[in-house]
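Visitor: Just one file: work32.cif, with mmCIF, C-alpha atoms.
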```cif
data_query
#
loop_
_atom_site.label_atom_id
_atom_site.label_comp_id
_atom_site.auth_asym_id
_atom_site.auth_seq_id
_atom_site.Cartn_x
_atom_site.Cartn_y
_atom_site.Cartn_z
CA MET A 29 2.71 7.50 12.41
CA ARG A 30 2.04 8.61 15.94
CA PRO A 31 2.31 6.75 19.31
CA LEU A 32 1.46 3.05 19.66
CA ARG A 33 3.94 2.41 16.91
CA ALA A 34 7.08 1.07 18.56
CA ALA A 35 8.29 -1.94 16.59
CA LEU A 36 10.65 -4.78 17.39
CA GLY A 37 12.46 -6.92 14.85
CA ALA A 38 15.62 -8.23 13.16
CA ALA A 39 17.36 -8.55 9.76
CA ALA A 40 20.42 -7.96 7.42
CA ALA A 41 23.93 -6.97 6.85
CA VAL A 42 25.37 -5.82 3.53
CA THR A 43 27.03 -2.43 3.68
CA LEU A 44 27.09 -0.09 0.75
CA ALA A 45 30.19 2.04 0.36
CA ALA A 46 29.51 5.29 2.18
CA ALA A 47 29.90 7.37 -0.94
CA GLY A 48 27.20 5.55 -2.90
CA ALA A 49 28.41 2.76 -5.15
CA THR A 50 25.72 1.60 -7.53
CA ALA A 51 23.64 -1.25 -6.07
CA LEU A 52 20.75 -2.81 -7.92
CA VAL A 53 17.80 -4.11 -5.94
CA ALA A 54 18.82 -7.56 -4.78
CA SER A 55 16.64 -10.60 -4.41
CA ASP A 56 15.51 -11.71 -0.96
CA ALA A 57 16.25 -15.10 0.56
CA SER A 58 13.31 -16.68 -1.24
CA GLY A 59 14.63 -15.46 -4.58
CA ALA A 60 11.71 -13.11 -5.23
CA THR A 61 12.72 -10.24 -7.48
CA THR A 62 9.54 -9.38 -9.38
CA ALA A 63 8.03 -6.08 -8.32
CA LEU A 64 4.34 -5.33 -8.13
CA SER A 65 2.90 -2.33 -9.92
CA SER A 66 3.66 0.97 -8.19
CA ARG A 67 -0.05 1.32 -7.44
CA TRP A 68 0.22 -1.59 -5.00
CA TYR A 69 3.14 -0.02 -3.13
CA ALA A 70 1.13 3.20 -3.04
CA ALA A 71 -1.75 1.32 -1.42
CA ALA A 72 0.26 -0.72 1.10
CA PRO A 73 -1.16 -0.31 4.64
CA TYR A 74 1.24 -0.26 7.58
CA LEU A 75 1.89 -3.50 9.44
CA MET A 76 4.07 -3.98 12.50
CA PRO A 77 5.40 -7.51 11.93
CA LEU A 78 6.88 -7.98 15.41
CA ASP A 79 4.71 -5.94 17.76
CA ASN A 80 1.11 -4.89 18.49
CA ASN A 81 -0.26 -8.43 18.15
CA PRO A 82 0.71 -8.87 14.48
CA PRO A 83 -2.11 -10.26 12.36
CA ASN A 84 -1.55 -13.07 9.89
CA ALA A 85 -0.61 -11.41 6.59
CA ALA A 86 -1.62 -14.45 4.55
CA ALA A 87 -5.10 -14.42 6.11
CA ILE A 88 -5.50 -10.72 5.25
CA MET A 89 -4.47 -11.40 1.66
CA ASP A 90 -6.99 -14.23 1.35
CA ALA A 91 -9.81 -12.20 2.88
CA THR A 92 -9.26 -8.89 1.06
CA GLY A 93 -7.14 -9.43 -2.03
CA LEU A 94 -4.42 -7.18 -0.56
CA LYS A 95 -0.96 -7.77 -2.04
CA ALA A 96 1.33 -5.11 -0.52
CA PHE A 97 2.29 -4.34 3.08
CA GLN A 98 4.21 -1.40 4.58
CA LEU A 99 6.37 -2.97 7.31
CA ALA A 100 7.25 -0.64 10.22
CA PHE A 101 9.66 0.64 11.56
CA VAL A 102 13.40 0.61 10.92
CA LEU A 103 15.35 2.71 13.46
CA ALA A 104 18.85 3.27 14.78
CA PRO A 105 19.90 0.96 17.65
CA ASP A 106 18.63 2.05 21.06
CA GLY A 107 22.19 1.80 22.38
CA GLY A 108 23.56 4.07 19.65
CA GLY A 109 25.17 3.52 16.28
CA CYS A 110 24.47 3.85 12.57
CA SER A 111 23.07 0.42 11.71
CA PRO A 112 19.47 -0.56 10.94
CA THR A 113 17.26 -2.32 13.47
CA TRP A 114 13.60 -3.15 13.82
CA GLY A 115 12.24 -0.86 16.49
CA GLY A 116 15.69 -0.03 17.86
CA THR A 117 16.17 -3.49 19.35
CA ALA A 118 16.48 -6.20 16.67
CA ALA A 119 19.35 -5.92 14.20
CA VAL A 120 18.38 -6.16 10.56
CA SER A 121 21.63 -8.05 9.93
CA SER A 122 20.53 -11.09 11.95
CA ASP A 123 16.81 -11.01 11.29
CA THR A 124 14.86 -14.14 10.45
CA ALA A 125 11.44 -13.20 11.91
CA VAL A 126 10.59 -10.36 9.52
CA GLN A 127 12.16 -12.28 6.65
CA SER A 128 9.74 -15.11 7.37
CA VAL A 129 6.78 -12.70 7.15
CA ILE A 130 8.09 -11.32 3.86
CA ASP A 131 8.63 -14.81 2.44
CA THR A 132 5.05 -15.74 3.32
CA ILE A 133 3.69 -12.64 1.59
CA ARG A 134 5.81 -13.15 -1.52
CA ALA A 135 4.91 -16.82 -1.73
CA LYS A 136 1.29 -15.68 -2.18
CA GLY A 137 2.17 -13.22 -4.96
CA GLY A 138 2.53 -10.13 -2.77
CA ASP A 139 5.38 -7.87 -1.70
CA VAL A 140 6.42 -5.39 0.96
CA SER A 141 7.76 -1.89 1.39
CA VAL A 142 9.70 -1.02 4.54
CA SER A 143 9.08 2.16 6.50
CA ILE A 144 11.88 3.92 8.31
CA GLY A 145 11.34 6.39 11.13
CA GLY A 146 7.92 6.80 12.68
CA TYR A 147 7.06 8.67 15.87
CA GLY A 148 9.23 7.04 18.53
CA GLY A 149 12.84 6.00 18.91
CA THR A 150 16.08 7.31 17.41
CA LYS A 151 16.15 7.61 13.64
CA LEU A 152 19.15 6.75 11.50
CA GLY A 153 19.18 10.30 10.17
CA GLN A 154 19.86 11.44 13.72
CA ALA A 155 22.47 8.77 14.49
CA CYS A 156 24.48 8.66 11.25
CA ALA A 157 27.13 11.25 10.43
CA ASP A 158 25.89 12.29 7.00
CA ALA A 159 23.59 11.41 4.12
CA ALA A 160 26.00 8.85 2.64
CA SER A 161 26.33 6.84 5.85
CA THR A 162 22.58 7.09 6.42
CA ALA A 163 22.01 5.74 2.91
CA ALA A 164 24.50 2.93 3.51
CA ALA A 165 22.51 1.84 6.57
CA TYR A 166 19.27 1.85 4.60
CA GLN A 167 20.91 0.03 1.70
CA GLN A 168 21.46 -2.88 4.06
CA VAL A 169 17.68 -3.10 4.45
CA VAL A 170 17.04 -2.77 0.71
CA THR A 171 19.58 -5.47 -0.10
CA LYS A 172 18.64 -7.83 2.74
CA TYR A 173 14.99 -7.97 1.75
CA GLY A 174 15.28 -7.32 -2.00
CA LEU A 175 13.06 -4.26 -1.63
CA HIS A 176 11.28 -2.56 -4.49
CA ALA A 177 9.81 0.16 -2.25
CA ILE A 178 10.75 2.16 0.85
CA ASP A 179 8.96 4.79 2.93
CA PHE A 180 10.60 7.65 4.85
CA ASP A 181 8.26 8.46 7.75
CA LEU A 182 9.65 11.82 8.89
CA GLU A 183 7.98 13.32 11.95
CA GLU A 184 8.46 14.34 15.55
CA PRO A 185 11.02 14.69 16.96
CA GLU A 186 13.32 14.02 14.01
CA TYR A 187 11.79 16.44 11.55
CA GLU A 188 12.50 19.27 13.97
CA ASN A 189 16.22 18.45 13.56
CA THR A 190 17.57 20.23 10.47
CA ALA A 191 20.71 18.10 10.21
CA ALA A 192 18.76 14.85 10.57
CA ILE A 193 16.28 15.82 7.85
CA LYS A 194 19.16 16.78 5.56
CA ASN A 195 20.61 13.29 6.12
CA GLU A 196 17.25 11.57 5.52
CA ILE A 197 16.44 13.45 2.32
CA GLY A 198 20.01 12.98 1.08
CA ALA A 199 19.83 9.26 1.88
CA ALA A 200 16.50 8.94 0.06
CA LYS A 201 18.02 10.55 -3.02
CA ILE A 202 21.05 8.22 -2.92
CA LEU A 203 18.83 5.15 -2.59
CA GLN A 204 16.68 6.34 -5.47
CA GLN A 205 19.77 6.78 -7.66
CA ASN A 206 21.46 3.52 -6.68
CA ASN A 207 18.37 1.29 -6.90
CA PRO A 208 16.71 1.89 -10.26
CA GLY A 209 12.93 1.63 -10.06
CA LEU A 210 12.81 1.84 -6.27
CA TYR A 211 9.45 3.29 -5.18
CA VAL A 212 10.11 6.03 -2.59
CA SER A 213 7.44 7.69 -0.45
CA VAL A 214 7.97 10.42 2.14
CA THR A 215 5.38 10.61 4.91
CA THR A 216 5.01 13.56 7.28
CA PRO A 217 2.39 14.97 9.71
CA GLY A 218 -0.63 16.81 8.37
CA THR A 219 -2.30 19.95 9.67
CA ALA A 220 -5.44 21.85 8.75
CA ASP A 221 -3.41 23.97 6.33
CA GLY A 222 -1.69 20.94 4.79
CA THR A 223 1.43 20.47 6.87
CA GLY A 224 3.16 22.48 9.56
CA TRP A 225 6.33 24.57 9.58
CA PHE A 226 8.65 21.58 9.95
CA GLY A 227 6.90 19.74 7.16
CA LYS A 228 7.33 22.74 4.89
CA GLN A 229 11.03 22.94 5.84
CA MET A 230 11.38 19.27 4.88
CA LEU A 231 9.89 20.02 1.46
CA LEU A 232 12.31 22.92 1.01
CA GLU A 233 15.20 20.60 1.88
CA ALA A 234 14.00 18.18 -0.80
CA LYS A 235 13.83 21.04 -3.29
CA SER A 236 17.36 22.21 -2.38
CA GLN A 237 18.69 18.70 -3.02
CA ALA A 238 16.68 18.32 -6.25
CA PHE A 239 15.03 15.24 -4.80
CA THR A 240 11.60 14.16 -6.02
CA PRO A 241 10.12 10.96 -4.53
CA ASN A 242 7.13 9.15 -5.93
CA ASN A 243 5.05 11.11 -3.43
CA PHE A 244 4.98 13.30 -0.36
CA SER A 245 2.21 11.98 1.89
CA ILE A 246 0.59 13.75 4.83
CA MET A 247 -1.03 12.15 7.87
CA PRO A 248 -4.18 14.20 8.55
CA PHE A 249 -4.98 12.93 12.04
CA ASP A 250 -4.01 13.83 15.62
CA GLY A 251 -4.41 17.49 14.72
CA GLY A 252 -8.01 18.28 15.55
CA PHE A 253 -9.42 16.61 12.44
CA ASN A 254 -13.10 15.79 12.48
CA GLY A 255 -13.80 13.14 9.88
CA ALA A 256 -13.16 13.02 6.16
CA ALA A 257 -14.16 16.60 5.32
CA ALA A 258 -11.32 17.98 7.43
CA GLN A 259 -8.90 15.49 5.88
CA THR A 260 -9.77 16.29 2.28
CA ALA A 261 -9.51 20.00 3.07
CA ALA A 262 -5.99 19.37 4.38
CA LEU A 263 -5.11 17.43 1.22
CA THR A 264 -6.32 20.34 -0.90
CA ALA A 265 -4.21 22.75 1.14
CA PHE A 266 -1.18 20.48 0.90
CA ASN A 267 -1.57 20.37 -2.87
CA THR A 268 -1.21 24.16 -2.90
CA ILE A 269 1.97 23.87 -0.80
CA LEU A 270 3.44 21.36 -3.25
CA GLN A 271 2.63 23.66 -6.14
CA SER A 272 4.24 26.69 -4.55
CA THR A 273 7.31 24.79 -3.31
CA PHE A 274 8.21 22.89 -6.48
CA GLY A 275 6.58 25.05 -9.15
CA TRP A 276 4.23 22.27 -10.18
CA ASP A 277 0.79 22.74 -11.65
CA GLN A 278 -2.15 21.31 -9.72
CA ALA A 279 -2.29 18.00 -11.60
CA THR A 280 1.45 17.39 -11.20
CA ALA A 281 1.21 18.16 -7.50
CA TYR A 282 -1.63 15.68 -7.04
CA ALA A 283 0.39 13.08 -8.97
CA HIS A 284 3.08 13.48 -6.26
CA GLU A 285 0.71 13.67 -3.29
CA GLY A 286 -0.36 10.97 -0.88
CA PHE A 287 -2.71 10.33 2.04
CA SER A 288 -1.82 8.27 5.10
CA GLY A 289 -4.75 8.05 7.51
CA MET A 290 -5.48 6.34 10.81
CA ASN A 291 -8.34 3.87 10.98
CA GLY A 292 -10.75 4.13 13.89
CA ARG A 293 -9.84 6.14 16.99
CA SER A 294 -6.72 8.30 16.70
CA ASP A 295 -4.24 8.97 19.50
CA THR A 296 -6.03 12.24 20.31
CA GLY A 297 -9.55 10.81 20.29
CA GLU A 298 -10.63 11.62 16.73
CA TYR A 299 -12.72 8.93 15.06
CA PHE A 300 -12.41 7.85 11.44
CA THR A 301 -14.92 5.29 10.23
CA GLN A 302 -15.15 3.17 7.11
CA ALA A 303 -17.33 5.90 5.56
CA ASP A 304 -14.60 8.47 6.18
CA LEU A 305 -12.02 6.31 4.45
CA GLN A 306 -14.37 5.85 1.50
CA THR A 307 -14.80 9.63 1.19
CA VAL A 308 -11.04 10.19 1.19
CA LEU A 309 -10.59 7.32 -1.27
CA ASP A 310 -13.06 9.00 -3.63
CA TYR A 311 -11.10 12.26 -3.28
CA ALA A 312 -7.76 10.55 -3.87
CA THR A 313 -8.89 8.68 -6.97
CA SER A 314 -10.80 11.60 -8.49
CA HIS A 315 -7.74 13.85 -8.07
CA HIS A 316 -5.36 11.16 -9.35
CA MET A 317 -3.29 11.17 -6.18
CA ASP A 318 -0.30 8.83 -6.03
CA ARG A 319 -0.78 7.20 -2.63
CA PHE A 320 -3.56 6.11 -0.28
CA THR A 321 -2.75 4.15 2.86
CA PHE A 322 -3.47 3.96 6.59
CA TRP A 323 -2.10 3.13 10.02
CA SER A 324 -2.50 0.23 10.61
CA LEU A 325 -3.40 -3.38 9.80
CA ASN A 326 -2.64 -4.30 13.41
CA ARG A 327 -5.60 -2.06 14.28
CA ASP A 328 -7.89 -3.24 11.48
CA ARG A 329 -10.16 -5.32 13.72
CA GLN A 330 -12.81 -4.57 16.30
CA CYS A 331 -12.03 -3.98 19.95
CA SER A 332 -13.99 -5.62 22.73
CA PRO A 333 -15.76 -3.55 23.94
CA VAL A 334 -16.01 -1.58 20.71
CA ASP A 335 -15.15 1.82 22.23
CA ASN A 336 -12.18 0.29 24.09
CA ASN A 337 -13.16 2.35 27.16
CA GLY A 338 -12.27 5.62 25.47
CA THR A 339 -8.63 4.79 24.77
CA THR A 340 -6.69 4.22 21.58
CA SER A 341 -5.31 0.76 20.96
CA GLY A 342 -2.43 -0.45 18.83
CA THR A 343 -4.21 -3.74 18.20
CA CYS A 344 -7.79 -2.73 17.32
CA SER A 345 -9.67 0.25 15.90
CA SER A 346 -12.18 1.19 18.65
CA VAL A 347 -14.96 1.40 16.03
CA ALA A 348 -17.52 -1.17 14.97
CA GLN A 349 -16.11 -3.17 12.09
CA GLY A 350 -15.40 -6.54 10.58
CA ASP A 351 -11.84 -7.81 10.39
CA TRP A 352 -9.86 -6.02 7.66
CA ASP A 353 -12.67 -3.64 6.67
CA PHE A 354 -10.19 -0.80 6.19
CA ALA A 355 -7.73 -2.89 4.17
CA ARG A 356 -10.37 -3.29 1.48
CA TYR A 357 -10.19 0.44 0.70
CA ALA A 358 -6.46 0.11 -0.01
CA VAL A 359 -7.25 -2.77 -2.34
CA ARG A 360 -9.74 -0.56 -4.21
CA PHE A 361 -7.13 2.19 -4.55
CA ALA A 362 -4.80 -0.35 -6.14
CA GLY A 363 -7.50 -0.91 -8.73
CA VAL A 364 -8.78 -4.27 -7.58
CA THR A 365 -12.22 -5.32 -6.34
CA PRO A 366 -11.91 -7.01 -2.93
CA PRO A 367 -13.36 -10.51 -2.79
CA THR A 368 -16.76 -10.79 -1.20
CA THR A 369 -17.30 -13.19 1.64
CA THR A 370 -20.02 -15.59 0.61
CA PRO A 371 -21.28 -18.20 3.06
CA THR A 372 -21.01 -21.79 1.97
CA PRO A 373 -24.54 -22.78 0.98
CA THR A 374 -26.17 -25.56 2.91
CA PRO A 375 -26.57 -28.41 0.44
CA THR A 376 -30.14 -29.37 -0.38
CA PRO A 377 -30.68 -32.80 1.12
CA THR A 378 -31.55 -35.63 -1.22
CA PRO A 379 -35.23 -36.44 -0.64
CA THR A 380 -35.87 -39.65 1.29
CA SER A 381 -38.47 -41.96 -0.21
CA CYS A 382 -41.58 -42.54 1.87
CA LYS A 383 -42.33 -45.91 3.40
CA THR A 384 -45.71 -47.63 3.10
CA ALA A 385 -48.45 -45.40 4.47
CA TRP A 386 -49.52 -45.96 8.08
CA SER A 387 -52.81 -47.85 8.57
CA SER A 388 -55.04 -47.58 11.62
CA THR A 389 -55.99 -51.26 11.37
CA ALA A 390 -52.54 -52.77 10.87
CA VAL A 391 -50.48 -54.24 13.69
CA TYR A 392 -46.84 -52.97 13.93
CA THR A 393 -43.99 -54.37 15.96
CA ALA A 394 -40.61 -52.82 16.92
CA GLY A 395 -38.61 -51.80 13.85
CA ASN A 396 -41.52 -51.61 11.40
CA GLU A 397 -41.45 -48.43 9.30
CA VAL A 398 -44.33 -46.39 7.90
CA SER A 399 -44.97 -42.96 6.45
CA TYR A 400 -47.44 -40.41 7.79
CA GLY A 401 -47.85 -36.66 7.40
CA GLY A 402 -44.84 -36.38 5.04
CA HIS A 403 -42.44 -38.10 7.49
CA ASN A 404 -41.18 -41.63 7.94
CA TRP A 405 -41.66 -43.27 11.32
CA LYS A 406 -40.23 -46.34 13.03
CA ALA A 407 -42.15 -48.36 15.62
CA LYS A 408 -40.44 -48.60 19.01
CA TRP A 409 -42.67 -51.46 20.16
CA TRP A 410 -45.94 -53.26 19.34
CA THR A 411 -48.65 -50.80 18.34
CA GLN A 412 -52.02 -50.58 16.61
CA ASN A 413 -54.20 -47.55 15.82
CA GLU A 414 -51.77 -45.07 17.47
CA VAL A 415 -51.21 -42.13 15.13
CA PRO A 416 -47.49 -41.42 14.49
CA GLY A 417 -46.46 -38.18 16.22
CA ALA A 418 -49.66 -37.86 18.19
CA SER A 419 -47.76 -38.14 21.45
CA GLN A 420 -44.17 -37.24 22.33
CA TRP A 421 -43.95 -40.46 24.32
CA GLY A 422 -45.84 -42.59 21.85
CA PRO A 423 -44.63 -45.72 20.05
CA TRP A 424 -43.34 -43.95 16.95
CA GLN A 425 -39.82 -42.51 16.35
CA ASP A 426 -39.67 -39.70 13.75
CA GLU A 427 -37.10 -40.50 11.04
CA GLY A 428 -37.51 -37.17 9.20
CA ALA A 429 -39.23 -35.81 6.13
CA CYS A 430 -39.80 -37.95 3.07
#
```
Please lay out the structure from this file as structure tokens.
Guide:
Amino acid sequence: MRPLRAALGAAAAVTLAAAGATALVASDASGATTALSSRWYAAAPYLMPLDNNPPNAAAIMDATGLKAFQLAFVLAPDGGGCSPTWGGTAAVSSDTAVQSVIDTIRAKGGDVSVSIGGYGGTKLGQACADAASTAAAYQQVVTKYGLHAIDFDLEEPEYENTAAIKNEIGAAKILQQNNPGLYVSVTTPGTADGTGWFGKQMLLEAKSQAFTPNNFSIMPFDGGFNGAAAQTAALTAFNTILQSTFGWDQATAYAHEGFSGMNGRSDTGEYFTQADLQTVLDYATSHHMDRFTFWSLNRDRQCSPVDNNGTTSGTCSSVAQGDWDFARYAVRFAGVTPPTTTPTPTPTPTPTSCKTAWSSTAVYTAGNEVSYGGHNWKAKWWTQNEVPGASQWGPWQDEGAC
């Protein structure tokens, strides 16, 4: 993901031997070990749990049916070192804040993936000496949170560093081997022709290490994209790159391809609406792609004013929308119909029986009740031959329909 994505955070400590001792996926503090289907991890939108005005994950789940979240981002410490932190500042080893978010999600039947990297900060692939030590740092995150899924978000400036990318791809392969069933996605920038030179070099590194993740996903935004048509064209081009790089046929390439979009206004002023996401969703499902997600849930709500004065926000989309409109497309990709919001009907009032009909000749005193014109009326004082309701200031108080 691009700018507006600096995270904060905190969490775990369990080191894996640098060489790669086998480590099964551990349970988190709440004891949750049951994984969701891979389709849910493939549909998990990005959420910054400690920054950019984090929304309430439980509320999103209730409103949309969403079950999986992509928590962002794990980085090397800002002060240096090869240990995982949230956003470069909060050690994973001592985290309780992100753990609390995860526990809340799991208590409602959901789960999380964790994304490493992103646009800003120092990545562990840059800070660690080799692939094994990079993997050991990431294993701390996997073990701390009992992860069933992880995302390698490889982009500027890290993916321009050959040694760092070698470490990241090597670490991803080690994690995949040491954590059976771990869902691994690799996310990288998109261009009009699929992905740029550095993205292609990353794919070649994966090929050289015989590493195949669940998917390679591109981010077709911030590159002069104009709506869904440009994005689907980029996905088609990227499919060709996957075919030529790995020797896959078209269907196999699509089965290892993913889309990671940006909802609303991008960092460079492109706009992607709900209709654009629907178009890309149709493309992804019809081509049997493996992943469909977006950046981010923190932005999946309307700005005030809507256009946000022509700037991009990390906390709202800058397009007209209802809360969590974009999350519902991820739910559909997972194969679930989002719940519809239905207003609570106003209960039909029980009819009130009518009092004795008003008479023009009868004498009424304060408190006497009559019916007239389909309403009941109560006398405020002595009255005779004064029609109920004839005057706002008359002797009769309207008690409602009968």
Visitor: Name the residues captured by the PyMOL selection byres ((chain A and resi 404-418) around 10) when it is applied to the shown file; answer as a PyMOL selection string.
Guide: chain A and resi 380-403+419-430
Visitor: Evaluate the PyMOL selection byres ((chain A and resi 307) around 12) here and jot the selected residues down as a ChimeraX atom specification.
Guide: /A:255-261,289,300-306,308-314,320,357
Visitor: CA of Gly145 (chain A) to CA of Ala100 (chain A): how many Å, to one decimal?
Guide: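 Computed distance, CA of Gly145 (chain A) to CA of Ala100 (chain A), equals 8.2 Å.
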Visitor: So for region 239-248 of chain A, what box centre and size do we get, axis-aligned, 3 Å extra on each of the six sides, every listed atom, Å to one decimal, as AutoDock Vina command-line options?
Guide:
```
--center_x 5.4 --center_y 12.2 --center_z 1.3 --size_x 25.2 --size_y 12.1 --size_z 20.6
```
Visitor: One number please: CA of Phe244 (chain A) to CA of Glu285 (chain A), in Å, one decimal.
Guide: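 CA of Glu285 (chain A) lies 5.2 Å from CA of Phe244 (chain A).
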Visitor: I need the residue set behind the PyMOL selection byres ((chain A and resi 193) around 12) for this file; please write it as a PyMOL selection string.
Guide: chain A and resi 145+151-156+158-159+162+180-192+194-200+214+216+226-234+237
Visitor: Using all atoms listed in the file for the distances, tell me which of A:Gly297, A:Ala220, A:Tyr166, A:Gly363 is nearest to Asn336 (chain A).
Guide: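 Using all atoms listed in the file, the shortest distance to Asn336 (chain A) belongs to A:Gly297.
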Visitor: With a distance cut-off of 8 Å and all atoms listed in the file, select the neighbouring residues of Trp352 (chain A), excluding the residue or stretch itself and same-chain residues fewer than 5 positions from it, and output the selection as an MDAnalysis selection string.
Guide: chainID A and resid 88 91:92 325 328:329
Visitor: Using only C-alpha atoms, find the one residue out of A:Pro82, A:Gly252, A:Pro366, A:Gly138 that sits nearest to Trp68 (chain A).
Guide: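 Of all the options, A:Gly138 lies closest to Trp68 (chain A).
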Visitor: Any idea what's packed within 8 Å of Tyr282 (chain A), counting only C-alpha atoms, ignoring anything in its chain fewer than 2 positions away? Could you give it as number ranges by chain?
Guide: A: 267, 278-280, 284-286, 315-318
Visitor: Using only C-alpha atoms, pick whichever of A:Ile178, A:Ala281, A:Leu99, A:Cys331 has the shortest atom-to-atom distance to Asp79 (chain A).
Guide: A:Leu99
Visitor: Which of these residues is nearest to Thr150 (chain A), using all atoms listed in the file: A:Phe266, A:Leu78, A:Gly93, A:Gly115?
Guide: A:Gly115
Visitor: What's the separation between CA of Phe354 (chain A) and CA of Pro73 (chain A), in Å to one decimal place?
Guide: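 Between these atoms lies a distance of 9.2 Å.
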Visitor: Of the candidates A:Val120, A:Ala348, A:Ala104, A:Met89, which shows the shortest atom-to-atom distance to Gly148 (chain A), using all atoms listed in the file?
Guide: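 The answer is A:Ala104, which sits nearest to Gly148 (chain A).
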